[in-house]
>>> print(open('entry.txt').read())   # compact mmCIF, N, CA, C and O atoms
# COMPACT_ATOMS: atom_id res chain seq x y z
N LYS A 1 0.82 -1.21 0.00
CA LYS A 1 0.00 0.00 0.00
C LYS A 1 0.85 1.25 0.00
O LYS A 1 0.33 2.34 0.16
N GLY A 2 2.16 1.10 -0.10
CA GLY A 2 3.04 2.25 -0.17
C GLY A 2 3.56 2.72 1.16
O GLY A 2 4.16 3.78 1.25
N ASN A 3 3.38 1.94 2.20
CA ASN A 3 3.86 2.32 3.52
C ASN A 3 5.33 1.94 3.64
O ASN A 3 5.67 0.76 3.69
N VAL A 4 6.19 2.93 3.68
CA VAL A 4 7.62 2.67 3.76
C VAL A 4 8.15 2.85 5.18
O VAL A 4 9.35 2.90 5.39
N SER A 5 7.27 2.91 6.14
CA SER A 5 7.71 3.12 7.53
C SER A 5 8.48 1.93 8.08
O SER A 5 9.23 2.08 9.04
N MET A 6 8.32 0.75 7.49
CA MET A 6 9.05 -0.43 7.96
C MET A 6 10.51 -0.39 7.53
O MET A 6 11.33 -1.14 8.04
N LEU A 7 10.84 0.46 6.55
CA LEU A 7 12.20 0.57 6.06
C LEU A 7 12.95 1.63 6.85
O LEU A 7 12.38 2.32 7.70
N HIS A 8 14.21 1.78 6.57
CA HIS A 8 15.02 2.78 7.26
C HIS A 8 14.47 4.17 7.01
O HIS A 8 13.84 4.44 6.00
N GLY A 9 14.73 5.08 7.91
CA GLY A 9 14.21 6.43 7.84
C GLY A 9 14.59 7.18 6.59
O GLY A 9 13.83 8.02 6.10
N TYR A 10 15.76 6.91 6.04
CA TYR A 10 16.17 7.66 4.86
C TYR A 10 15.33 7.29 3.64
O TYR A 10 15.28 8.05 2.68
N HIS A 11 14.66 6.16 3.64
CA HIS A 11 13.78 5.84 2.52
C HIS A 11 12.55 6.75 2.52
O HIS A 11 12.06 7.12 1.47
N THR A 12 12.07 7.08 3.70
CA THR A 12 10.89 7.95 3.75
C THR A 12 11.26 9.37 3.34
O THR A 12 10.41 10.10 2.86
N LYS A 13 12.50 9.75 3.51
CA LYS A 13 12.92 11.10 3.13
C LYS A 13 13.29 11.18 1.66
O LYS A 13 13.03 12.20 1.02
N ARG A 14 13.89 10.14 1.11
CA ARG A 14 14.42 10.20 -0.25
C ARG A 14 13.45 9.72 -1.32
O ARG A 14 13.63 9.99 -2.49
N VAL A 15 12.41 8.99 -0.95
CA VAL A 15 11.43 8.50 -1.92
C VAL A 15 10.27 9.48 -1.95
O VAL A 15 9.65 9.77 -0.94
N SER A 16 9.97 9.99 -3.14
CA SER A 16 8.91 10.98 -3.27
C SER A 16 7.54 10.34 -3.10
O SER A 16 7.37 9.13 -3.24
N GLU A 17 6.54 11.15 -2.82
CA GLU A 17 5.19 10.66 -2.60
C GLU A 17 4.64 9.95 -3.83
O GLU A 17 3.87 9.01 -3.71
N GLU A 18 5.02 10.41 -5.02
CA GLU A 18 4.48 9.84 -6.25
C GLU A 18 4.89 8.40 -6.47
O GLU A 18 4.18 7.64 -7.13
N VAL A 19 6.04 8.01 -5.98
CA VAL A 19 6.55 6.66 -6.24
C VAL A 19 6.58 5.78 -4.99
O VAL A 19 7.12 4.68 -5.03
N ARG A 20 5.96 6.22 -3.92
CA ARG A 20 5.96 5.40 -2.70
C ARG A 20 5.19 4.11 -2.87
O ARG A 20 5.61 3.07 -2.37
N ILE A 21 4.08 4.16 -3.57
CA ILE A 21 3.28 2.94 -3.73
C ILE A 21 4.04 1.90 -4.57
O ILE A 21 4.17 0.75 -4.14
N PRO A 22 4.57 2.25 -5.76
CA PRO A 22 5.33 1.22 -6.49
C PRO A 22 6.59 0.77 -5.75
O PRO A 22 6.96 -0.41 -5.79
N PHE A 23 7.24 1.70 -5.06
CA PHE A 23 8.43 1.34 -4.29
C PHE A 23 8.08 0.35 -3.18
O PHE A 23 8.73 -0.69 -3.03
N GLY A 24 7.04 0.65 -2.44
CA GLY A 24 6.60 -0.24 -1.36
C GLY A 24 6.17 -1.61 -1.87
O GLY A 24 6.46 -2.63 -1.25
N LYS A 25 5.50 -1.62 -3.02
CA LYS A 25 5.06 -2.90 -3.59
C LYS A 25 6.25 -3.75 -4.03
O LYS A 25 6.27 -4.96 -3.81
N LYS A 26 7.23 -3.14 -4.66
CA LYS A 26 8.39 -3.92 -5.12
C LYS A 26 9.22 -4.43 -3.94
O LYS A 26 9.67 -5.58 -3.95
N VAL A 27 9.44 -3.59 -2.95
CA VAL A 27 10.20 -4.04 -1.76
C VAL A 27 9.42 -5.13 -1.04
O VAL A 27 9.99 -6.15 -0.62
N GLY A 28 8.11 -4.97 -0.93
CA GLY A 28 7.29 -5.99 -0.29
C GLY A 28 7.29 -7.30 -1.06
O GLY A 28 7.36 -8.38 -0.47
N CYS A 29 7.22 -7.22 -2.37
CA CYS A 29 7.26 -8.42 -3.21
C CYS A 29 8.58 -9.16 -3.04
O CYS A 29 8.60 -10.38 -2.86
N GLY A 30 9.69 -8.43 -3.05
CA GLY A 30 10.99 -9.06 -2.84
C GLY A 30 11.11 -9.71 -1.47
O GLY A 30 11.65 -10.81 -1.33
N THR A 31 10.56 -9.05 -0.47
CA THR A 31 10.60 -9.58 0.89
C THR A 31 9.76 -10.85 1.00
O THR A 31 10.16 -11.82 1.66
N ILE A 32 8.59 -10.85 0.37
CA ILE A 32 7.73 -12.04 0.39
C ILE A 32 8.42 -13.21 -0.30
O ILE A 32 8.35 -14.35 0.17
N ILE A 33 9.08 -12.95 -1.41
CA ILE A 33 9.78 -14.02 -2.12
C ILE A 33 10.88 -14.61 -1.24
O ILE A 33 11.02 -15.84 -1.15
N MET A 34 11.64 -13.75 -0.56
CA MET A 34 12.70 -14.26 0.32
C MET A 34 12.11 -15.06 1.47
O MET A 34 12.61 -16.13 1.83
N GLY A 35 11.03 -14.58 2.05
CA GLY A 35 10.39 -15.29 3.16
C GLY A 35 9.83 -16.63 2.73
O GLY A 35 9.93 -17.62 3.45
N ALA A 36 9.24 -16.68 1.53
CA ALA A 36 8.69 -17.94 1.02
C ALA A 36 9.80 -18.97 0.82
O ALA A 36 9.60 -20.17 1.09
N GLY A 37 10.96 -18.52 0.38
CA GLY A 37 12.09 -19.43 0.21
C GLY A 37 12.57 -20.01 1.53
O GLY A 37 12.91 -21.19 1.62
N ILE A 38 12.59 -19.17 2.55
CA ILE A 38 13.01 -19.63 3.87
C ILE A 38 12.00 -20.63 4.44
O ILE A 38 12.37 -21.66 5.01
N VAL A 39 10.70 -20.35 4.27
CA VAL A 39 9.67 -21.27 4.74
C VAL A 39 9.75 -22.59 3.97
O VAL A 39 9.63 -23.67 4.56
N ALA A 40 9.97 -22.52 2.65
CA ALA A 40 10.09 -23.74 1.85
C ALA A 40 11.28 -24.56 2.30
O ALA A 40 11.21 -25.80 2.38
N PHE A 41 12.39 -23.89 2.62
CA PHE A 41 13.55 -24.62 3.12
C PHE A 41 13.23 -25.34 4.42
O PHE A 41 13.59 -26.50 4.61
N GLY A 42 12.53 -24.66 5.32
CA GLY A 42 12.15 -25.29 6.58
C GLY A 42 11.26 -26.50 6.37
O GLY A 42 11.44 -27.54 7.01
N ALA A 43 10.30 -26.37 5.46
CA ALA A 43 9.40 -27.49 5.17
C ALA A 43 10.16 -28.66 4.56
O ALA A 43 9.94 -29.82 4.93
N LEU A 44 11.05 -28.37 3.63
CA LEU A 44 11.82 -29.45 3.01
C LEU A 44 12.80 -30.09 3.99
O LEU A 44 13.07 -31.29 3.92
N SER A 45 13.31 -29.31 4.92
CA SER A 45 14.18 -29.90 5.97
C SER A 45 13.38 -30.82 6.87
O SER A 45 13.88 -31.87 7.30
N LEU A 46 12.14 -30.44 7.16
CA LEU A 46 11.28 -31.30 7.97
C LEU A 46 11.00 -32.61 7.23
O LEU A 46 11.05 -33.69 7.83
N VAL A 47 10.73 -32.52 5.94
CA VAL A 47 10.51 -33.73 5.15
C VAL A 47 11.76 -34.61 5.16
O VAL A 47 11.67 -35.83 5.25
N THR A 48 12.93 -33.98 5.09
CA THR A 48 14.18 -34.74 5.16
C THR A 48 14.29 -35.49 6.47
O THR A 48 14.67 -36.67 6.50
N ASN A 49 13.94 -34.83 7.57
CA ASN A 49 14.02 -35.50 8.88
C ASN A 49 13.01 -36.63 9.00
O ASN A 49 13.28 -37.64 9.66
N LEU A 50 11.86 -36.49 8.37
CA LEU A 50 10.83 -37.52 8.47
C LEU A 50 11.11 -38.71 7.56
O LEU A 50 10.73 -39.84 7.87
N THR A 51 11.77 -38.47 6.42
CA THR A 51 11.98 -39.56 5.45
C THR A 51 13.42 -40.03 5.39
O THR A 51 13.69 -41.04 4.74
N THR A 52 14.33 -39.34 5.99
CA THR A 52 15.78 -39.63 5.96
C THR A 52 16.34 -39.68 4.54
O THR A 52 17.29 -40.38 4.27
N GLN A 53 15.73 -38.93 3.63
CA GLN A 53 16.27 -38.81 2.27
C GLN A 53 16.80 -37.39 2.12
O GLN A 53 16.05 -36.42 2.17
N SER A 54 18.09 -37.28 1.92
CA SER A 54 18.73 -35.97 1.93
C SER A 54 18.46 -35.14 0.68
O SER A 54 18.79 -33.96 0.65
N ILE A 55 17.85 -35.71 -0.34
CA ILE A 55 17.58 -34.95 -1.56
C ILE A 55 16.65 -33.78 -1.29
O ILE A 55 16.77 -32.72 -1.90
N TYR A 56 15.73 -33.94 -0.34
CA TYR A 56 14.81 -32.85 -0.02
C TYR A 56 15.55 -31.65 0.58
O TYR A 56 15.23 -30.51 0.31
N GLN A 57 16.54 -31.93 1.41
CA GLN A 57 17.30 -30.84 1.99
C GLN A 57 18.16 -30.14 0.94
O GLN A 57 18.30 -28.92 0.95
N ILE A 58 18.70 -30.89 0.01
CA ILE A 58 19.48 -30.29 -1.08
C ILE A 58 18.58 -29.39 -1.93
O ILE A 58 18.95 -28.26 -2.26
N VAL A 59 17.40 -29.88 -2.25
CA VAL A 59 16.43 -29.06 -3.00
C VAL A 59 16.07 -27.83 -2.18
O VAL A 59 15.94 -26.73 -2.73
N GLY A 60 15.93 -27.98 -0.88
CA GLY A 60 15.62 -26.85 -0.01
C GLY A 60 16.71 -25.78 -0.04
O GLY A 60 16.40 -24.59 -0.10
N TYR A 61 17.96 -26.20 -0.02
CA TYR A 61 19.06 -25.24 -0.12
C TYR A 61 19.02 -24.49 -1.45
O TYR A 61 19.24 -23.29 -1.50
N VAL A 62 18.74 -25.21 -2.52
CA VAL A 62 18.68 -24.57 -3.84
C VAL A 62 17.53 -23.58 -3.91
O VAL A 62 17.70 -22.44 -4.35
N VAL A 63 16.36 -24.01 -3.43
CA VAL A 63 15.18 -23.12 -3.44
C VAL A 63 15.45 -21.88 -2.61
O VAL A 63 15.17 -20.75 -3.03
N MET A 64 16.00 -22.06 -1.41
CA MET A 64 16.26 -20.91 -0.55
C MET A 64 17.30 -19.99 -1.18
O MET A 64 17.14 -18.77 -1.17
N GLY A 65 18.35 -20.55 -1.74
CA GLY A 65 19.37 -19.72 -2.37
C GLY A 65 18.82 -18.91 -3.52
O GLY A 65 19.07 -17.70 -3.64
N VAL A 66 18.04 -19.56 -4.38
CA VAL A 66 17.48 -18.86 -5.55
C VAL A 66 16.51 -17.77 -5.11
O VAL A 66 16.55 -16.65 -5.62
N THR A 67 15.63 -18.08 -4.17
CA THR A 67 14.66 -17.07 -3.74
C THR A 67 15.31 -15.91 -3.00
O THR A 67 14.86 -14.77 -3.13
N LEU A 68 16.37 -16.18 -2.25
CA LEU A 68 17.07 -15.08 -1.59
C LEU A 68 17.74 -14.17 -2.60
O LEU A 68 17.73 -12.94 -2.47
N ILE A 69 18.30 -14.75 -3.64
CA ILE A 69 18.95 -13.94 -4.67
C ILE A 69 17.91 -13.14 -5.46
O ILE A 69 18.07 -11.93 -5.66
N VAL A 70 16.84 -13.80 -5.89
CA VAL A 70 15.81 -13.11 -6.67
C VAL A 70 15.16 -12.00 -5.84
O VAL A 70 14.98 -10.88 -6.32
N GLY A 71 14.81 -12.30 -4.60
CA GLY A 71 14.20 -11.30 -3.73
C GLY A 71 15.12 -10.12 -3.48
O GLY A 71 14.69 -8.96 -3.50
N SER A 72 16.39 -10.40 -3.26
CA SER A 72 17.36 -9.32 -3.03
C SER A 72 17.54 -8.45 -4.27
O SER A 72 17.63 -7.22 -4.16
N VAL A 73 17.54 -9.07 -5.44
CA VAL A 73 17.66 -8.29 -6.68
C VAL A 73 16.46 -7.37 -6.84
O VAL A 73 16.60 -6.20 -7.21
N ILE A 74 15.27 -7.86 -6.53
CA ILE A 74 14.07 -7.03 -6.63
C ILE A 74 14.13 -5.87 -5.65
O ILE A 74 13.87 -4.72 -6.00
N VAL A 75 14.49 -6.15 -4.40
CA VAL A 75 14.55 -5.10 -3.37
C VAL A 75 15.62 -4.07 -3.71
O VAL A 75 15.34 -2.85 -3.70
N PHE A 76 16.83 -4.53 -4.02
CA PHE A 76 17.89 -3.57 -4.32
C PHE A 76 17.64 -2.83 -5.63
O PHE A 76 18.01 -1.67 -5.77
N GLY A 77 17.00 -3.49 -6.58
CA GLY A 77 16.63 -2.82 -7.82
C GLY A 77 15.63 -1.70 -7.58
O GLY A 77 15.75 -0.61 -8.16
N ALA A 78 14.65 -1.96 -6.72
CA ALA A 78 13.67 -0.92 -6.38
C ALA A 78 14.34 0.23 -5.64
O ALA A 78 14.04 1.40 -5.89
N MET A 79 15.25 -0.09 -4.73
CA MET A 79 15.96 0.97 -4.00
C MET A 79 16.79 1.82 -4.95
O MET A 79 16.81 3.04 -4.83
N LYS A 80 17.45 1.17 -5.88
CA LYS A 80 18.28 1.92 -6.82
C LYS A 80 17.43 2.80 -7.73
O LYS A 80 17.78 3.94 -8.01
N LYS A 81 16.29 2.26 -8.16
CA LYS A 81 15.43 3.00 -9.09
C LYS A 81 14.71 4.17 -8.41
O LYS A 81 14.72 5.28 -8.91
N TYR A 82 14.09 3.91 -7.27
CA TYR A 82 13.23 4.92 -6.64
C TYR A 82 13.96 5.76 -5.59
O TYR A 82 13.54 6.86 -5.28
N ASN A 83 15.02 5.21 -5.01
CA ASN A 83 15.73 5.89 -3.93
C ASN A 83 17.05 6.49 -4.44
O ASN A 83 17.78 7.08 -3.67
N LYS A 84 17.37 6.27 -5.68
CA LYS A 84 18.61 6.76 -6.29
C LYS A 84 19.84 6.16 -5.62
O LYS A 84 20.87 6.79 -5.55
N GLY A 85 19.75 4.96 -5.11
CA GLY A 85 20.85 4.27 -4.47
C GLY A 85 20.35 3.43 -3.32
O GLY A 85 19.22 3.59 -2.87
N ILE A 86 21.18 2.52 -2.83
CA ILE A 86 20.74 1.65 -1.74
C ILE A 86 21.05 2.25 -0.37
O ILE A 86 20.59 1.74 0.63
N PHE A 87 21.81 3.30 -0.32
CA PHE A 87 22.11 3.96 0.95
C PHE A 87 21.79 5.43 0.89
O PHE A 87 21.76 6.07 -0.08
>>> encode(input="entry.txt", output="structure tokens")
Amino acid sequence: KGNVSMLHGYHTKRVSEEVRIPFGKKVGCGTIIMGAGIVAFGALSLVTNLTTQSIYQIVGYVVMGVTLIVGSVIVFGAMKKYNKGIF
């Protein structure tokens, strides 16, 4: 909904009102993707413990790694585009 109060204070100062909604949506989307990867890793690790087949944990590592990279690219891309830099 464009609420950037969850981010660092400099984002609220450097992001103009016109682009707060797309900025908030992109950062939120990237964060959700990273969180989903972490949850998927946890679920696959649980399956590994229940079945003693390590392939699920390997898949979990791959899924988590990919989602963390994709989510980070989305978040940092939005920061670079709307905030004119990540810091």
>>> atom_distance(input="entry.txt", atom1="atom O of A:Val62", atom2="atom O of A:Phe76")
20.8 Å
>>> residues_around(input="entry.txt", residues="A:Arg14", least_positions_apart="6", cutoff="10 Å", atoms="only C-alpha atoms", output="JSON, numbers by chain")
{"A": [82, 83, 84, 85, 87]}
>>> write_last_selection(input="entry.txt", atoms="N, CA, C and O atoms", output="compact mmCIF listing (two decimals), in the coordinates of the input")
# COMPACT_ATOMS: atom_id res chain seq x y z
N TYR A 82 14.09 3.91 -7.27
CA TYR A 82 13.23 4.92 -6.64
C TYR A 82 13.96 5.76 -5.59
O TYR A 82 13.54 6.86 -5.28
N ASN A 83 15.02 5.21 -5.01
CA ASN A 83 15.73 5.89 -3.93
C ASN A 83 17.05 6.49 -4.44
O ASN A 83 17.78 7.08 -3.67
N LYS A 84 17.37 6.27 -5.68
CA LYS A 84 18.61 6.76 -6.29
C LYS A 84 19.84 6.16 -5.62
O LYS A 84 20.87 6.79 -5.55
N GLY A 85 19.75 4.96 -5.11
CA GLY A 85 20.85 4.27 -4.47
C GLY A 85 20.35 3.43 -3.32
O GLY A 85 19.22 3.59 -2.87
N PHE A 87 21.81 3.30 -0.32
CA PHE A 87 22.11 3.96 0.95
C PHE A 87 21.79 5.43 0.89
O PHE A 87 21.76 6.07 -0.08
>>> atom_distance(input="entry.txt", atom1="atom O of A:Ile33", atom2="atom O of A:Leu50")
25.6 Å
>>> residues_near_point(input="entry.txt", point="(15.8, -31.2, 6.0)", cutoff="8 Å", atoms="only N, CA, C and O atoms", output="count of residues only")
18
>>> closest_residue(input="entry.txt", among="A:Val27, A:Val59, A:Thr51, A:Met64", to="A:Met79", atoms="only N, CA, C and O atoms")
A:Val27
>>> atom_distance(input="entry.txt", atom1="atom N of A:Lys25", atom2="atom N of A:Val75")
10.2 Å
>>> residues_around(input="entry.txt", residues="A:Thr31", least_positions_apart="5", cutoff="9 Å", atoms="only C-alpha atoms", output="MDAnalysis selection string")
chainID A and resid 26 36 68 71:72 74:75
>>> closest_residue(input="entry.txt", among="A:Ile38, A:Cys29, A:Ile86, A:Met6", to="A:Val70", atoms="all atoms listed in the file")
A:Cys29
>>> select_by_dssp(input="entry.txt", residues="chain A", states="helix (DSSP H, G or I)", output="ChimeraX atom specification")
/A:9-14,17-51,55-83
>>> closest_residue(input="entry.txt", among="A:Lys80, A:Thr67, A:Ser5, A:Val19", to="A:Ile32", atoms="all atoms listed in the file")
A:Thr67
>>> decode(input="entry.txt", residues="stretch 53-69 of chain A", atoms="N, CA, C and O atoms", output="PDB file, in the first residue's frame")
ATOM      1  N   GLN A  53      15.734 -38.933   3.627  1.00  0.00           N
ATOM      2  CA  GLN A  53      16.267 -38.809   2.268  1.00  0.00           C
ATOM      3  C   GLN A  53      16.795 -37.389   2.115  1.00  0.00           C
ATOM      4  O   GLN A  53      16.049 -36.420   2.168  1.00  0.00           O
ATOM      5  N   SER A  54      18.090 -37.281   1.921  1.00  0.00           N
ATOM      6  CA  SER A  54      18.730 -35.971   1.927  1.00  0.00           C
ATOM      7  C   SER A  54      18.461 -35.137   0.677  1.00  0.00           C
ATOM      8  O   SER A  54      18.792 -33.955   0.647  1.00  0.00           O
ATOM      9  N   ILE A  55      17.847 -35.709  -0.340  1.00  0.00           N
ATOM     10  CA  ILE A  55      17.576 -34.954  -1.564  1.00  0.00           C
ATOM     11  C   ILE A  55      16.649 -33.776  -1.287  1.00  0.00           C
ATOM     12  O   ILE A  55      16.773 -32.715  -1.902  1.00  0.00           O
ATOM     13  N   TYR A  56      15.732 -33.939  -0.339  1.00  0.00           N
ATOM     14  CA  TYR A  56      14.813 -32.845  -0.019  1.00  0.00           C
ATOM     15  C   TYR A  56      15.554 -31.653   0.581  1.00  0.00           C
ATOM     16  O   TYR A  56      15.229 -30.506   0.307  1.00  0.00           O
ATOM     17  N   GLN A  57      16.535 -31.926   1.408  1.00  0.00           N
ATOM     18  CA  GLN A  57      17.304 -30.838   1.994  1.00  0.00           C
ATOM     19  C   GLN A  57      18.162 -30.140   0.938  1.00  0.00           C
ATOM     20  O   GLN A  57      18.304 -28.925   0.949  1.00  0.00           O
ATOM     21  N   ILE A  58      18.702 -30.894   0.011  1.00  0.00           N
ATOM     22  CA  ILE A  58      19.481 -30.294  -1.078  1.00  0.00           C
ATOM     23  C   ILE A  58      18.583 -29.388  -1.926  1.00  0.00           C
ATOM     24  O   ILE A  58      18.954 -28.258  -2.258  1.00  0.00           O
ATOM     25  N   VAL A  59      17.396 -29.882  -2.250  1.00  0.00           N
ATOM     26  CA  VAL A  59      16.435 -29.065  -2.997  1.00  0.00           C
ATOM     27  C   VAL A  59      16.071 -27.827  -2.177  1.00  0.00           C
ATOM     28  O   VAL A  59      15.936 -26.732  -2.727  1.00  0.00           O
ATOM     29  N   GLY A  60      15.933 -27.980  -0.878  1.00  0.00           N
ATOM     30  CA  GLY A  60      15.624 -26.847  -0.005  1.00  0.00           C
ATOM     31  C   GLY A  60      16.708 -25.784  -0.041  1.00  0.00           C
ATOM     32  O   GLY A  60      16.402 -24.587  -0.095  1.00  0.00           O
ATOM     33  N   TYR A  61      17.959 -26.200  -0.021  1.00  0.00           N
ATOM     34  CA  TYR A  61      19.058 -25.245  -0.120  1.00  0.00           C
ATOM     35  C   TYR A  61      19.015 -24.494  -1.453  1.00  0.00           C
ATOM     36  O   TYR A  61      19.237 -23.286  -1.499  1.00  0.00           O
ATOM     37  N   VAL A  62      18.744 -25.211  -2.520  1.00  0.00           N
ATOM     38  CA  VAL A  62      18.685 -24.575  -3.843  1.00  0.00           C
ATOM     39  C   VAL A  62      17.531 -23.581  -3.905  1.00  0.00           C
ATOM     40  O   VAL A  62      17.699 -22.442  -4.352  1.00  0.00           O
ATOM     41  N   VAL A  63      16.358 -24.006  -3.434  1.00  0.00           N
ATOM     42  CA  VAL A  63      15.184 -23.123  -3.444  1.00  0.00           C
ATOM     43  C   VAL A  63      15.452 -21.882  -2.609  1.00  0.00           C
ATOM     44  O   VAL A  63      15.172 -20.750  -3.033  1.00  0.00           O
ATOM     45  N   MET A  64      15.996 -22.063  -1.413  1.00  0.00           N
ATOM     46  CA  MET A  64      16.264 -20.915  -0.551  1.00  0.00           C
ATOM     47  C   MET A  64      17.299 -19.989  -1.178  1.00  0.00           C
ATOM     48  O   MET A  64      17.137 -18.770  -1.166  1.00  0.00           O
ATOM     49  N   GLY A  65      18.345 -20.551  -1.740  1.00  0.00           N
ATOM     50  CA  GLY A  65      19.372 -19.721  -2.371  1.00  0.00           C
ATOM     51  C   GLY A  65      18.825 -18.906  -3.523  1.00  0.00           C
ATOM     52  O   GLY A  65      19.070 -17.704  -3.637  1.00  0.00           O
ATOM     53  N   VAL A  66      18.040 -19.559  -4.385  1.00  0.00           N
ATOM     54  CA  VAL A  66      17.481 -18.862  -5.547  1.00  0.00           C
ATOM     55  C   VAL A  66      16.513 -17.769  -5.112  1.00  0.00           C
ATOM     56  O   VAL A  66      16.552 -16.645  -5.623  1.00  0.00           O
ATOM     57  N   THR A  67      15.633 -18.077  -4.168  1.00  0.00           N
ATOM     58  CA  THR A  67      14.658 -17.070  -3.743  1.00  0.00           C
ATOM     59  C   THR A  67      15.314 -15.912  -3.004  1.00  0.00           C
ATOM     60  O   THR A  67      14.861 -14.769  -3.133  1.00  0.00           O
ATOM     61  N   LEU A  68      16.366 -16.180  -2.247  1.00  0.00           N
ATOM     62  CA  LEU A  68      17.066 -15.078  -1.587  1.00  0.00           C
ATOM     63  C   LEU A  68      17.741 -14.168  -2.604  1.00  0.00           C
ATOM     64  O   LEU A  68      17.733 -12.943  -2.466  1.00  0.00           O
ATOM     65  N   ILE A  69      18.302 -14.750  -3.637  1.00  0.00           N
ATOM     66  CA  ILE A  69      18.949 -13.940  -4.672  1.00  0.00           C
ATOM     67  C   ILE A  69      17.910 -13.144  -5.456  1.00  0.00           C
ATOM     68  O   ILE A  69      18.070 -11.932  -5.655  1.00  0.00           O
TER      69      ILE A  69
END
